[in-house]
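Enquirer: My structure is below; once you've seen it, I'll send some questions.
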Amino acid sequence: MTAHTRFRIAVAIGALVAPLVVVATSALPADAGTSKHKHEVYMYKVEKNIRLSGVGSDGSADSGSQLVRCNAGDQVLDGMWSVKHVDQYQPPPPDTDEDPDFPSAPTLHGTYDDERDVWVRASYPDPSDLRSWQFEIENKAWGDAQVKLFLTCIRGYTEYANSHHHQIKVRSLFGGLYSAVDQGGWFTSEPQAEPWGKCATNEYFVAPGFDLGSANFRLRGTYPRAFGQSWGWSFITDGSPVPLQISIYGRCISRQVFDLATPRHAIAMKHLPGTSFGSWYASNIPQGDPEERQYTCDQADGDYHAYKAMVGWFYLDSHWDDNWFLGMEPRPKTRSYYFWNHYGGPAAVRYGTLCINSRTSNPLA
Ligand SMILES: [Zn+2]
């Protein structure tokens, strides 16, 4: 509702000052003030299906190490996976005559032999390339796993309007080792001290990623911090000692588009439903089969109908230790999330997305 009011006021001011803007144009560069032109901002998704073999050798299966790219010249804003299926597989019965020093069947399979045994070791933006994303996924189940990989991408420039376009700027913020000591996250109070730095006030944090190396962690949450200028991750350990060195990654997107260093238009962006923990969308996941949840940028306010859900976040709230995040998918106006709750009652989850307008504002003064 507040956004609705704000947009109405902005339109009214534009109408009042329009005659002055027209008078001022003749002495200004081609783009500034010549009209109320806007540029389309092209955003899209990339997807790839992979099949990871279960326990045992399978030369035709895909590698769990995958580099996925946006189109040349474009910029990745988010990378994600979705574990779609793990095949049923019955391992051979134990041989009662077996010598344990010479096992007849592989013993290093996962705990559950289902979707929970697909471990995401790494998912992060390639530090050397603005359009590439690296995944490292390991299937510990007996059966084969079907996994989908996705990126959301934004072009390096706006589309043309009035015979010109402008640069959309994404820059690296950090990428490197961090000592993971806290499994609970840092979501409870803002503003907070950012242990790894944050974006400027005219930017938002994008492309959150991590590389766990060999640590047996699974993701409990990935979410905005510091009003969207930084990011936090929370992991659930499976016996790995903490503190442990893991790598985290992130970038910043400017909320303005440029001719070289000169800002020319803004791109409206908003974290929906909001960046504070209490504002995140909350839902209960019943015990049973995997459940899908969705958040759409304009579900609460039609003013956001042109926005795309570009960076998603989630958090496993109550009964997190019995609840599994199986992945996300971009729609791209909607973000879908998949959870699988094994607790004997409902488990709470929270989620939301950074929504980005698919056209710029009027030229800046
Ligand atoms: Zn322009």
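Chain lettering (A, B, ...) mirrors the order of the structure tokens, residue numbering begins at 1 for each chain separately, and ligand numbering begins at 1 in order of display.
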Extract, using only C-alpha atoms, all DNA, RNA and protein residues at most 7 Å from range 296-307 of chain A, discarding same-chain residues fewer than 3 positions from it, and format them as a list of chain:residue names.
Expert: A:His4, A:Leu272, A:Lys333, A:Thr334, A:Arg335, A:Cys355, A:Ile356, A:Asn357, A:Ser358
Enquirer: Keeping all heavy atoms, export the residues of the selection given above as a PDB file, in the first residue's frame.
Expert:
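Written output follows (out30.pdb):
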ATOM      1  N   HIS A   4       2.158   1.872  -3.426  1.00  0.00           N
ATOM      2  CA  HIS A   4       1.117   2.382  -4.311  1.00  0.00           C
ATOM      3  C   HIS A   4       1.027   3.905  -4.177  1.00  0.00           C
ATOM      4  O   HIS A   4       1.031   4.627  -5.151  1.00  0.00           O
ATOM      5  CB  HIS A   4      -0.212   1.729  -3.928  1.00  0.00           C
ATOM      6  CG  HIS A   4      -1.213   1.780  -5.016  1.00  0.00           C
ATOM      7  ND1 HIS A   4      -1.273   0.805  -5.992  1.00  0.00           N
ATOM      8  CD2 HIS A   4      -2.171   2.675  -5.303  1.00  0.00           C
ATOM      9  CE1 HIS A   4      -2.245   1.110  -6.826  1.00  0.00           C
ATOM     10  NE2 HIS A   4      -2.811   2.238  -6.428  1.00  0.00           N
ATOM     11  N   LEU A 272      11.131  -8.040  -1.712  1.00  0.00           N
ATOM     12  CA  LEU A 272       9.746  -8.299  -1.330  1.00  0.00           C
ATOM     13  C   LEU A 272       9.637  -9.661  -0.652  1.00  0.00           C
ATOM     14  O   LEU A 272      10.261 -10.617  -1.128  1.00  0.00           O
ATOM     15  CB  LEU A 272       8.838  -8.261  -2.576  1.00  0.00           C
ATOM     16  CG  LEU A 272       8.705  -6.854  -3.194  1.00  0.00           C
ATOM     17  CD1 LEU A 272       8.045  -6.939  -4.568  1.00  0.00           C
ATOM     18  CD2 LEU A 272       7.891  -5.960  -2.277  1.00  0.00           C
ATOM     19  N   LYS A 333       9.062 -14.180 -13.096  1.00  0.00           N
ATOM     20  CA  LYS A 333       8.403 -13.182 -12.256  1.00  0.00           C
ATOM     21  C   LYS A 333       8.138 -13.746 -10.859  1.00  0.00           C
ATOM     22  O   LYS A 333       7.899 -13.016  -9.899  1.00  0.00           O
ATOM     23  CB  LYS A 333       7.084 -12.808 -12.944  1.00  0.00           C
ATOM     24  CG  LYS A 333       6.329 -11.685 -12.377  1.00  0.00           C
ATOM     25  CD  LYS A 333       5.249 -11.300 -13.402  1.00  0.00           C
ATOM     26  CE  LYS A 333       4.122 -10.552 -12.768  1.00  0.00           C
ATOM     27  NZ  LYS A 333       3.167 -10.065 -13.789  1.00  0.00           N
ATOM     28  N   THR A 334       8.167 -15.070 -10.781  1.00  0.00           N
ATOM     29  CA  THR A 334       7.885 -15.808  -9.558  1.00  0.00           C
ATOM     30  C   THR A 334       9.113 -16.628  -9.193  1.00  0.00           C
ATOM     31  O   THR A 334       9.816 -17.112 -10.078  1.00  0.00           O
ATOM     32  CB  THR A 334       6.696 -16.756  -9.810  1.00  0.00           C
ATOM     33  OG1 THR A 334       5.546 -15.960 -10.109  1.00  0.00           O
ATOM     34  CG2 THR A 334       6.409 -17.636  -8.612  1.00  0.00           C
ATOM     35  N   ARG A 335       9.370 -16.777  -7.912  1.00  0.00           N
ATOM     36  CA  ARG A 335      10.374 -17.740  -7.475  1.00  0.00           C
ATOM     37  C   ARG A 335       9.649 -18.886  -6.789  1.00  0.00           C
ATOM     38  O   ARG A 335       8.791 -18.658  -5.930  1.00  0.00           O
ATOM     39  CB  ARG A 335      11.355 -17.076  -6.505  1.00  0.00           C
ATOM     40  CG  ARG A 335      12.509 -17.957  -6.036  1.00  0.00           C
ATOM     41  CD  ARG A 335      13.405 -18.429  -7.155  1.00  0.00           C
ATOM     42  NE  ARG A 335      14.088 -17.373  -7.879  1.00  0.00           N
ATOM     43  CZ  ARG A 335      15.355 -17.018  -7.675  1.00  0.00           C
ATOM     44  NH1 ARG A 335      16.070 -17.614  -6.754  1.00  0.00           N
ATOM     45  NH2 ARG A 335      15.898 -16.070  -8.409  1.00  0.00           N
ATOM     46  N   CYS A 355      13.180  -8.169  -6.316  1.00  0.00           N
ATOM     47  CA  CYS A 355      12.433  -7.952  -7.560  1.00  0.00           C
ATOM     48  C   CYS A 355      13.008  -6.736  -8.277  1.00  0.00           C
ATOM     49  O   CYS A 355      13.286  -5.707  -7.647  1.00  0.00           O
ATOM     50  CB  CYS A 355      10.960  -7.743  -7.250  1.00  0.00           C
ATOM     51  SG  CYS A 355      10.176  -9.212  -6.523  1.00  0.00           S
ATOM     52  N   ILE A 356      13.196  -6.848  -9.601  1.00  0.00           N
ATOM     53  CA  ILE A 356      13.803  -5.771 -10.394  1.00  0.00           C
ATOM     54  C   ILE A 356      12.859  -5.393 -11.521  1.00  0.00           C
ATOM     55  O   ILE A 356      12.374  -6.262 -12.261  1.00  0.00           O
ATOM     56  CB  ILE A 356      15.174  -6.209 -10.962  1.00  0.00           C
ATOM     57  CG1 ILE A 356      16.119  -6.580  -9.807  1.00  0.00           C
ATOM     58  CG2 ILE A 356      15.764  -5.116 -11.841  1.00  0.00           C
ATOM     59  CD1 ILE A 356      17.510  -7.009 -10.252  1.00  0.00           C
ATOM     60  N   ASN A 357      12.617  -4.100 -11.675  1.00  0.00           N
ATOM     61  CA  ASN A 357      11.722  -3.602 -12.705  1.00  0.00           C
ATOM     62  C   ASN A 357      12.307  -3.872 -14.092  1.00  0.00           C
ATOM     63  O   ASN A 357      13.501  -3.665 -14.315  1.00  0.00           O
ATOM     64  CB  ASN A 357      11.496  -2.100 -12.526  1.00  0.00           C
ATOM     65  CG  ASN A 357      10.235  -1.611 -13.197  1.00  0.00           C
ATOM     66  OD1 ASN A 357       9.735  -2.236 -14.124  1.00  0.00           O
ATOM     67  ND2 ASN A 357       9.715  -0.480 -12.720  1.00  0.00           N
ATOM     68  N   SER A 358      11.484  -4.310 -15.036  1.00  0.00           N
ATOM     69  CA  SER A 358      11.961  -4.647 -16.370  1.00  0.00           C
ATOM     70  C   SER A 358      11.989  -3.424 -17.286  1.00  0.00           C
ATOM     71  O   SER A 358      12.155  -3.567 -18.497  1.00  0.00           O
ATOM     72  CB  SER A 358      11.121  -5.755 -16.971  1.00  0.00           C
ATOM     73  OG  SER A 358       9.762  -5.381 -17.013  1.00  0.00           O
TER      74      SER A 358
END
Enquirer: Check every protein, DNA and RNA residue against ligand 1, keep those with an atom at most 7 Å away (counting only C-alpha atoms and all ligand atoms), and present them as a PyMOL selection string.
Expert: chain A and resi 31+37-39+161+164-166+264-265+363
Enquirer: How would you write, as a short mmCIF file (atom, residue, chain, number, x, y, z; two decimals) with N, CA, C and O atoms, in the first residue's frame, the set of residues in range 204-361 of chain A that DSSP gives as strand (DSSP E or B)?
Expert:
data_model
loop_
_atom_site.label_atom_id
_atom_site.label_comp_id
_atom_site.auth_asym_id
_atom_site.auth_seq_id
_atom_site.Cartn_x
_atom_site.Cartn_y
_atom_site.Cartn_z
N TYR A 204 22.38 -2.92 -4.70
CA TYR A 204 21.89 -4.06 -3.93
C TYR A 204 22.83 -5.24 -4.11
O TYR A 204 23.47 -5.39 -5.16
N PHE A 205 22.86 -6.08 -3.11
CA PHE A 205 23.67 -7.29 -3.15
C PHE A 205 23.00 -8.32 -4.06
O PHE A 205 21.79 -8.57 -3.95
N VAL A 206 23.78 -8.95 -4.95
CA VAL A 206 23.27 -10.01 -5.84
C VAL A 206 24.31 -11.13 -5.92
O VAL A 206 25.42 -11.01 -5.39
N ALA A 207 23.93 -12.20 -6.59
CA ALA A 207 24.82 -13.34 -6.86
C ALA A 207 25.43 -13.94 -5.60
O ALA A 207 26.64 -14.15 -5.51
N PRO A 208 24.60 -14.23 -4.58
CA PRO A 208 25.15 -14.87 -3.38
C PRO A 208 25.58 -16.30 -3.67
O PRO A 208 24.84 -17.08 -4.28
N GLY A 209 26.79 -16.66 -3.25
CA GLY A 209 27.27 -18.01 -3.52
C GLY A 209 28.18 -18.53 -2.42
O GLY A 209 28.67 -17.75 -1.58
N PHE A 210 28.42 -19.82 -2.42
CA PHE A 210 29.27 -20.45 -1.41
C PHE A 210 30.01 -21.63 -2.01
O PHE A 210 29.58 -22.22 -3.00
N ASP A 211 31.14 -21.96 -1.39
CA ASP A 211 31.90 -23.16 -1.74
C ASP A 211 32.32 -23.80 -0.42
O ASP A 211 33.15 -23.26 0.30
N PHE A 217 28.12 -29.81 5.12
CA PHE A 217 27.11 -28.83 5.51
C PHE A 217 25.96 -28.92 4.52
O PHE A 217 26.17 -29.18 3.34
N ARG A 218 24.74 -28.70 5.00
CA ARG A 218 23.64 -28.46 4.05
C ARG A 218 23.05 -27.10 4.38
O ARG A 218 23.12 -26.61 5.51
N LEU A 219 22.44 -26.50 3.36
CA LEU A 219 22.01 -25.12 3.46
C LEU A 219 20.74 -25.00 4.30
O LEU A 219 19.73 -25.65 4.01
N ARG A 220 20.80 -24.18 5.35
CA ARG A 220 19.60 -23.87 6.12
C ARG A 220 18.94 -22.59 5.60
O ARG A 220 17.73 -22.45 5.63
N GLY A 221 19.76 -21.66 5.15
CA GLY A 221 19.19 -20.40 4.67
C GLY A 221 20.20 -19.60 3.89
O GLY A 221 21.41 -19.75 4.05
N THR A 222 19.70 -18.73 3.01
CA THR A 222 20.49 -17.76 2.26
C THR A 222 19.58 -16.55 2.13
O THR A 222 18.46 -16.68 1.67
N TYR A 223 20.04 -15.36 2.58
CA TYR A 223 19.08 -14.28 2.80
C TYR A 223 19.78 -12.92 2.84
O TYR A 223 20.97 -12.82 3.15
N PRO A 224 19.03 -11.85 2.54
CA PRO A 224 19.62 -10.51 2.57
C PRO A 224 19.87 -10.04 4.00
O PRO A 224 19.16 -10.42 4.93
N ARG A 225 20.90 -9.24 4.14
CA ARG A 225 21.22 -8.57 5.39
C ARG A 225 21.47 -7.10 5.09
O ARG A 225 21.62 -6.70 3.96
N SER A 230 23.93 -6.46 1.93
CA SER A 230 24.84 -7.57 2.16
C SER A 230 24.00 -8.85 2.25
O SER A 230 22.79 -8.83 1.97
N TRP A 231 24.65 -9.94 2.60
CA TRP A 231 23.99 -11.25 2.52
C TRP A 231 24.46 -12.13 3.66
O TRP A 231 25.57 -11.92 4.18
N GLY A 232 23.62 -13.10 4.03
CA GLY A 232 24.00 -14.07 5.05
C GLY A 232 23.66 -15.48 4.60
O GLY A 232 22.77 -15.68 3.77
N TRP A 233 24.40 -16.44 5.14
CA TRP A 233 24.14 -17.85 4.86
C TRP A 233 24.10 -18.58 6.19
O TRP A 233 24.80 -18.21 7.14
N SER A 234 23.31 -19.62 6.24
CA SER A 234 23.28 -20.45 7.43
C SER A 234 23.32 -21.91 6.98
O SER A 234 22.61 -22.28 6.03
N PHE A 235 24.15 -22.71 7.65
CA PHE A 235 24.31 -24.11 7.26
C PHE A 235 24.05 -25.02 8.45
O PHE A 235 24.23 -24.63 9.60
N ILE A 236 23.62 -26.23 8.14
CA ILE A 236 23.43 -27.27 9.15
C ILE A 236 24.57 -28.26 8.96
O ILE A 236 24.81 -28.74 7.85
N THR A 237 25.27 -28.55 10.06
CA THR A 237 26.42 -29.43 9.93
C THR A 237 26.00 -30.89 10.11
O THR A 237 24.98 -31.19 10.73
N LEU A 244 35.05 -23.61 10.66
CA LEU A 244 35.58 -24.23 9.47
C LEU A 244 35.69 -23.16 8.40
O LEU A 244 34.82 -22.29 8.32
N GLN A 245 36.73 -23.23 7.59
CA GLN A 245 36.90 -22.25 6.52
C GLN A 245 36.05 -22.64 5.32
O GLN A 245 36.23 -23.73 4.77
N ILE A 246 35.13 -21.79 4.95
CA ILE A 246 34.38 -21.99 3.71
C ILE A 246 34.52 -20.71 2.89
O ILE A 246 34.90 -19.67 3.41
N SER A 247 34.22 -20.80 1.61
CA SER A 247 34.31 -19.61 0.76
C SER A 247 32.92 -19.09 0.47
O SER A 247 31.98 -19.87 0.24
N ILE A 248 32.77 -17.77 0.49
CA ILE A 248 31.50 -17.13 0.14
C ILE A 248 31.78 -16.06 -0.91
O ILE A 248 32.89 -15.54 -1.01
N TYR A 249 30.74 -15.75 -1.68
CA TYR A 249 30.89 -14.86 -2.83
C TYR A 249 29.68 -13.93 -2.92
O TYR A 249 28.58 -14.29 -2.50
N GLY A 250 29.91 -12.76 -3.51
CA GLY A 250 28.80 -11.85 -3.73
C GLY A 250 29.18 -10.70 -4.63
O GLY A 250 30.38 -10.38 -4.79
N ARG A 251 28.16 -10.09 -5.23
CA ARG A 251 28.35 -8.94 -6.12
C ARG A 251 27.35 -7.86 -5.78
O ARG A 251 26.42 -8.09 -5.00
N CYS A 252 27.52 -6.70 -6.39
CA CYS A 252 26.60 -5.59 -6.20
C CYS A 252 26.08 -5.15 -7.56
O CYS A 252 26.84 -5.06 -8.53
N ILE A 253 24.78 -4.85 -7.64
CA ILE A 253 24.21 -4.27 -8.85
C ILE A 253 23.84 -2.83 -8.56
O ILE A 253 23.26 -2.52 -7.50
N SER A 254 24.21 -1.95 -9.47
CA SER A 254 23.85 -0.54 -9.30
C SER A 254 22.36 -0.36 -9.58
O SER A 254 21.80 -0.99 -10.47
N ARG A 255 21.73 0.52 -8.83
CA ARG A 255 20.32 0.82 -9.05
C ARG A 255 20.15 1.94 -10.07
O ARG A 255 19.06 2.49 -10.23
N GLN A 256 21.25 2.27 -10.78
CA GLN A 256 21.18 3.25 -11.86
C GLN A 256 21.90 2.69 -13.08
O GLN A 256 22.76 1.82 -12.94
N VAL A 257 21.53 3.20 -14.28
CA VAL A 257 22.23 2.82 -15.51
C VAL A 257 23.03 4.01 -15.99
O VAL A 257 22.70 5.16 -15.68
N PHE A 258 24.09 3.76 -16.77
CA PHE A 258 25.13 4.77 -16.96
C PHE A 258 25.52 4.97 -18.42
O PHE A 258 25.43 4.06 -19.24
N ASP A 259 26.03 6.20 -18.70
CA ASP A 259 26.92 6.47 -19.82
C ASP A 259 28.29 6.70 -19.17
O ASP A 259 28.50 7.72 -18.50
N THR A 262 28.42 8.46 -15.74
CA THR A 262 27.30 9.35 -15.48
C THR A 262 25.98 8.59 -15.41
O THR A 262 25.59 7.95 -16.39
N PRO A 263 25.30 8.63 -14.28
CA PRO A 263 24.00 7.93 -14.20
C PRO A 263 22.95 8.63 -15.05
O PRO A 263 22.89 9.87 -15.09
N ARG A 264 22.13 7.82 -15.80
CA ARG A 264 21.14 8.40 -16.70
C ARG A 264 19.70 8.07 -16.33
O ARG A 264 18.80 8.87 -16.62
N HIS A 265 19.46 6.88 -15.82
CA HIS A 265 18.12 6.49 -15.36
C HIS A 265 18.32 5.61 -14.13
O HIS A 265 19.39 5.05 -13.93
N ALA A 266 17.25 5.45 -13.39
CA ALA A 266 17.26 4.46 -12.30
C ALA A 266 16.56 3.19 -12.76
O ALA A 266 15.76 3.22 -13.71
N MET A 269 14.22 -1.35 -7.87
CA MET A 269 14.40 -2.70 -7.33
C MET A 269 13.85 -2.70 -5.92
O MET A 269 13.91 -1.70 -5.21
N LYS A 270 13.34 -3.85 -5.51
CA LYS A 270 12.80 -3.92 -4.15
C LYS A 270 12.86 -5.36 -3.64
O LYS A 270 12.53 -6.29 -4.37
N HIS A 271 13.28 -5.49 -2.39
CA HIS A 271 13.20 -6.79 -1.73
C HIS A 271 11.76 -6.97 -1.26
O HIS A 271 11.25 -6.15 -0.49
N LEU A 272 11.13 -8.04 -1.71
CA LEU A 272 9.75 -8.30 -1.33
C LEU A 272 9.64 -9.66 -0.65
O LEU A 272 10.26 -10.62 -1.13
N TYR A 281 8.22 -13.73 3.98
CA TYR A 281 6.98 -14.48 3.84
C TYR A 281 7.09 -15.79 4.60
O TYR A 281 8.05 -16.55 4.42
N ALA A 282 6.12 -16.08 5.46
CA ALA A 282 6.18 -17.28 6.30
C ALA A 282 5.12 -18.27 5.87
O ALA A 282 4.01 -17.90 5.48
N SER A 283 5.49 -19.56 5.90
CA SER A 283 4.55 -20.60 5.52
C SER A 283 4.90 -21.87 6.29
O SER A 283 6.05 -22.07 6.67
N ASN A 284 3.89 -22.70 6.52
CA ASN A 284 4.13 -23.98 7.18
C ASN A 284 4.16 -25.10 6.15
O ASN A 284 3.31 -25.18 5.28
N ILE A 285 5.16 -25.95 6.28
CA ILE A 285 5.29 -27.10 5.39
C ILE A 285 4.79 -28.33 6.15
O ILE A 285 5.34 -28.68 7.20
N GLN A 287 4.20 -32.30 7.09
CA GLN A 287 5.00 -33.51 6.95
C GLN A 287 4.50 -34.30 5.74
O GLN A 287 3.30 -34.32 5.47
N GLU A 291 7.07 -30.24 -0.93
CA GLU A 291 6.06 -29.21 -1.12
C GLU A 291 6.68 -28.03 -1.86
O GLU A 291 7.80 -27.63 -1.57
N GLU A 292 5.90 -27.46 -2.79
CA GLU A 292 6.33 -26.26 -3.49
C GLU A 292 5.69 -25.03 -2.85
O GLU A 292 4.51 -25.08 -2.48
N ARG A 293 6.47 -23.98 -2.72
CA ARG A 293 5.94 -22.68 -2.31
C ARG A 293 6.40 -21.66 -3.34
O ARG A 293 7.45 -21.83 -3.95
N GLN A 294 5.60 -20.59 -3.53
CA GLN A 294 5.96 -19.58 -4.52
C GLN A 294 5.83 -18.19 -3.93
O GLN A 294 5.00 -17.94 -3.08
N TYR A 295 6.69 -17.31 -4.42
CA TYR A 295 6.49 -15.89 -4.15
C TYR A 295 6.58 -15.13 -5.48
O TYR A 295 7.53 -15.31 -6.23
N THR A 296 5.57 -14.32 -5.75
CA THR A 296 5.51 -13.55 -6.99
C THR A 296 5.61 -12.07 -6.64
O THR A 296 4.98 -11.59 -5.69
N TYR A 307 7.96 -6.30 -12.52
CA TYR A 307 9.20 -6.69 -11.84
C TYR A 307 9.44 -8.18 -12.01
O TYR A 307 8.52 -8.99 -12.05
N LYS A 308 10.72 -8.55 -12.06
CA LYS A 308 11.13 -9.96 -12.16
C LYS A 308 11.81 -10.38 -10.86
O LYS A 308 12.60 -9.61 -10.29
N ALA A 309 11.53 -11.60 -10.44
CA ALA A 309 12.11 -12.15 -9.19
C ALA A 309 13.52 -12.65 -9.50
O ALA A 309 13.70 -13.77 -9.97
N MET A 310 14.53 -11.83 -9.25
CA MET A 310 15.87 -12.14 -9.76
C MET A 310 16.81 -12.80 -8.77
O MET A 310 17.70 -13.54 -9.16
N VAL A 311 16.67 -12.51 -7.49
CA VAL A 311 17.53 -13.15 -6.48
C VAL A 311 16.62 -13.68 -5.37
O VAL A 311 15.90 -12.89 -4.75
N GLY A 312 16.63 -14.98 -5.15
CA GLY A 312 15.73 -15.57 -4.17
C GLY A 312 16.43 -15.85 -2.85
O GLY A 312 17.66 -16.01 -2.81
N TRP A 313 15.65 -15.87 -1.77
CA TRP A 313 16.22 -16.28 -0.49
C TRP A 313 15.21 -17.14 0.24
O TRP A 313 14.02 -17.15 -0.07
N PHE A 314 15.69 -17.86 1.24
CA PHE A 314 14.80 -18.68 2.07
C PHE A 314 15.48 -18.92 3.41
O PHE A 314 16.70 -18.68 3.56
N TYR A 315 14.70 -19.41 4.35
CA TYR A 315 15.24 -19.75 5.66
C TYR A 315 14.38 -20.85 6.27
O TYR A 315 13.16 -20.74 6.29
N LEU A 316 15.02 -21.93 6.72
CA LEU A 316 14.30 -23.00 7.43
C LEU A 316 14.14 -22.54 8.87
O LEU A 316 15.13 -22.39 9.58
N ASN A 323 13.84 -30.63 8.34
CA ASN A 323 13.26 -30.07 7.12
C ASN A 323 14.38 -29.86 6.10
O ASN A 323 15.46 -29.40 6.46
N TRP A 324 14.12 -30.20 4.84
CA TRP A 324 15.15 -30.11 3.81
C TRP A 324 14.74 -29.12 2.73
O TRP A 324 13.59 -29.14 2.27
N PHE A 325 15.70 -28.28 2.33
CA PHE A 325 15.53 -27.40 1.17
C PHE A 325 16.02 -28.18 -0.05
O PHE A 325 17.18 -28.56 -0.13
N LEU A 326 15.11 -28.43 -1.01
CA LEU A 326 15.48 -29.21 -2.20
C LEU A 326 15.85 -28.32 -3.38
O LEU A 326 16.31 -28.82 -4.40
N GLY A 327 15.60 -27.03 -3.26
CA GLY A 327 16.04 -26.13 -4.32
C GLY A 327 15.02 -25.07 -4.66
O GLY A 327 13.97 -24.94 -4.03
N MET A 328 15.37 -24.27 -5.69
CA MET A 328 14.52 -23.16 -6.15
C MET A 328 14.47 -23.20 -7.67
O MET A 328 15.34 -23.78 -8.31
N GLU A 329 13.44 -22.52 -8.22
CA GLU A 329 13.36 -22.33 -9.67
C GLU A 329 12.87 -20.92 -9.96
O GLU A 329 11.94 -20.44 -9.32
N PRO A 330 13.47 -20.25 -10.96
CA PRO A 330 12.98 -18.93 -11.38
C PRO A 330 11.91 -19.09 -12.46
O PRO A 330 12.02 -19.97 -13.31
N THR A 334 8.17 -15.07 -10.78
CA THR A 334 7.88 -15.81 -9.56
C THR A 334 9.11 -16.63 -9.19
O THR A 334 9.82 -17.11 -10.08
N ARG A 335 9.37 -16.78 -7.91
CA ARG A 335 10.37 -17.74 -7.47
C ARG A 335 9.65 -18.89 -6.79
O ARG A 335 8.79 -18.66 -5.93
N SER A 336 9.97 -20.13 -7.21
CA SER A 336 9.42 -21.33 -6.58
C SER A 336 10.46 -21.95 -5.68
O SER A 336 11.65 -22.00 -6.04
N TYR A 337 10.02 -22.44 -4.54
CA TYR A 337 10.91 -23.05 -3.55
C TYR A 337 10.37 -24.45 -3.23
O TYR A 337 9.16 -24.64 -3.16
N TYR A 338 11.27 -25.39 -3.00
CA TYR A 338 10.85 -26.77 -2.69
C TYR A 338 11.42 -27.20 -1.34
O TYR A 338 12.63 -27.08 -1.11
N PHE A 339 10.52 -27.70 -0.50
CA PHE A 339 10.90 -28.14 0.84
C PHE A 339 10.36 -29.55 1.07
O PHE A 339 9.33 -29.93 0.51
N TRP A 340 11.04 -30.27 1.93
CA TRP A 340 10.60 -31.62 2.28
C TRP A 340 10.74 -31.78 3.78
O TRP A 340 11.85 -31.86 4.32
N ASN A 341 9.60 -31.82 4.45
CA ASN A 341 9.56 -31.85 5.90
C ASN A 341 9.37 -33.27 6.42
O ASN A 341 8.37 -33.92 6.11
N ALA A 347 6.47 -27.64 9.78
CA ALA A 347 7.75 -26.94 9.95
C ALA A 347 7.65 -25.60 9.24
O ALA A 347 7.17 -25.52 8.11
N ALA A 348 8.11 -24.54 9.90
CA ALA A 348 7.97 -23.19 9.34
C ALA A 348 9.14 -22.87 8.42
O ALA A 348 10.29 -23.24 8.69
N VAL A 349 8.85 -22.19 7.32
CA VAL A 349 9.88 -21.68 6.41
C VAL A 349 9.57 -20.21 6.12
O VAL A 349 8.44 -19.76 6.28
N ARG A 350 10.59 -19.48 5.68
CA ARG A 350 10.42 -18.08 5.28
C ARG A 350 11.14 -17.87 3.96
O ARG A 350 12.16 -18.51 3.69
N TYR A 351 10.62 -16.94 3.16
CA TYR A 351 11.24 -16.73 1.86
C TYR A 351 10.81 -15.39 1.26
O TYR A 351 9.90 -14.73 1.77
N GLY A 352 11.48 -15.01 0.18
CA GLY A 352 11.19 -13.78 -0.53
C GLY A 352 12.18 -13.62 -1.67
O GLY A 352 13.01 -14.50 -1.91
N THR A 353 12.10 -12.50 -2.40
CA THR A 353 13.03 -12.29 -3.52
C THR A 353 13.37 -10.81 -3.69
O THR A 353 12.61 -9.93 -3.26
N LEU A 354 14.50 -10.56 -4.36
CA LEU A 354 14.80 -9.22 -4.85
C LEU A 354 14.13 -9.09 -6.21
O LEU A 354 14.45 -9.83 -7.14
N CYS A 355 13.18 -8.17 -6.32
CA CYS A 355 12.43 -7.95 -7.56
C CYS A 355 13.01 -6.74 -8.28
O CYS A 355 13.29 -5.71 -7.65
N ILE A 356 13.20 -6.85 -9.60
CA ILE A 356 13.80 -5.77 -10.39
C ILE A 356 12.86 -5.39 -11.52
O ILE A 356 12.37 -6.26 -12.26
N ASN A 357 12.62 -4.10 -11.68
CA ASN A 357 11.72 -3.60 -12.70
C ASN A 357 12.31 -3.87 -14.09
O ASN A 357 13.50 -3.66 -14.32
N ARG A 359 11.86 -2.21 -16.75
CA ARG A 359 12.14 -1.00 -17.51
C ARG A 359 12.67 0.07 -16.56
O ARG A 359 12.39 0.04 -15.36
#
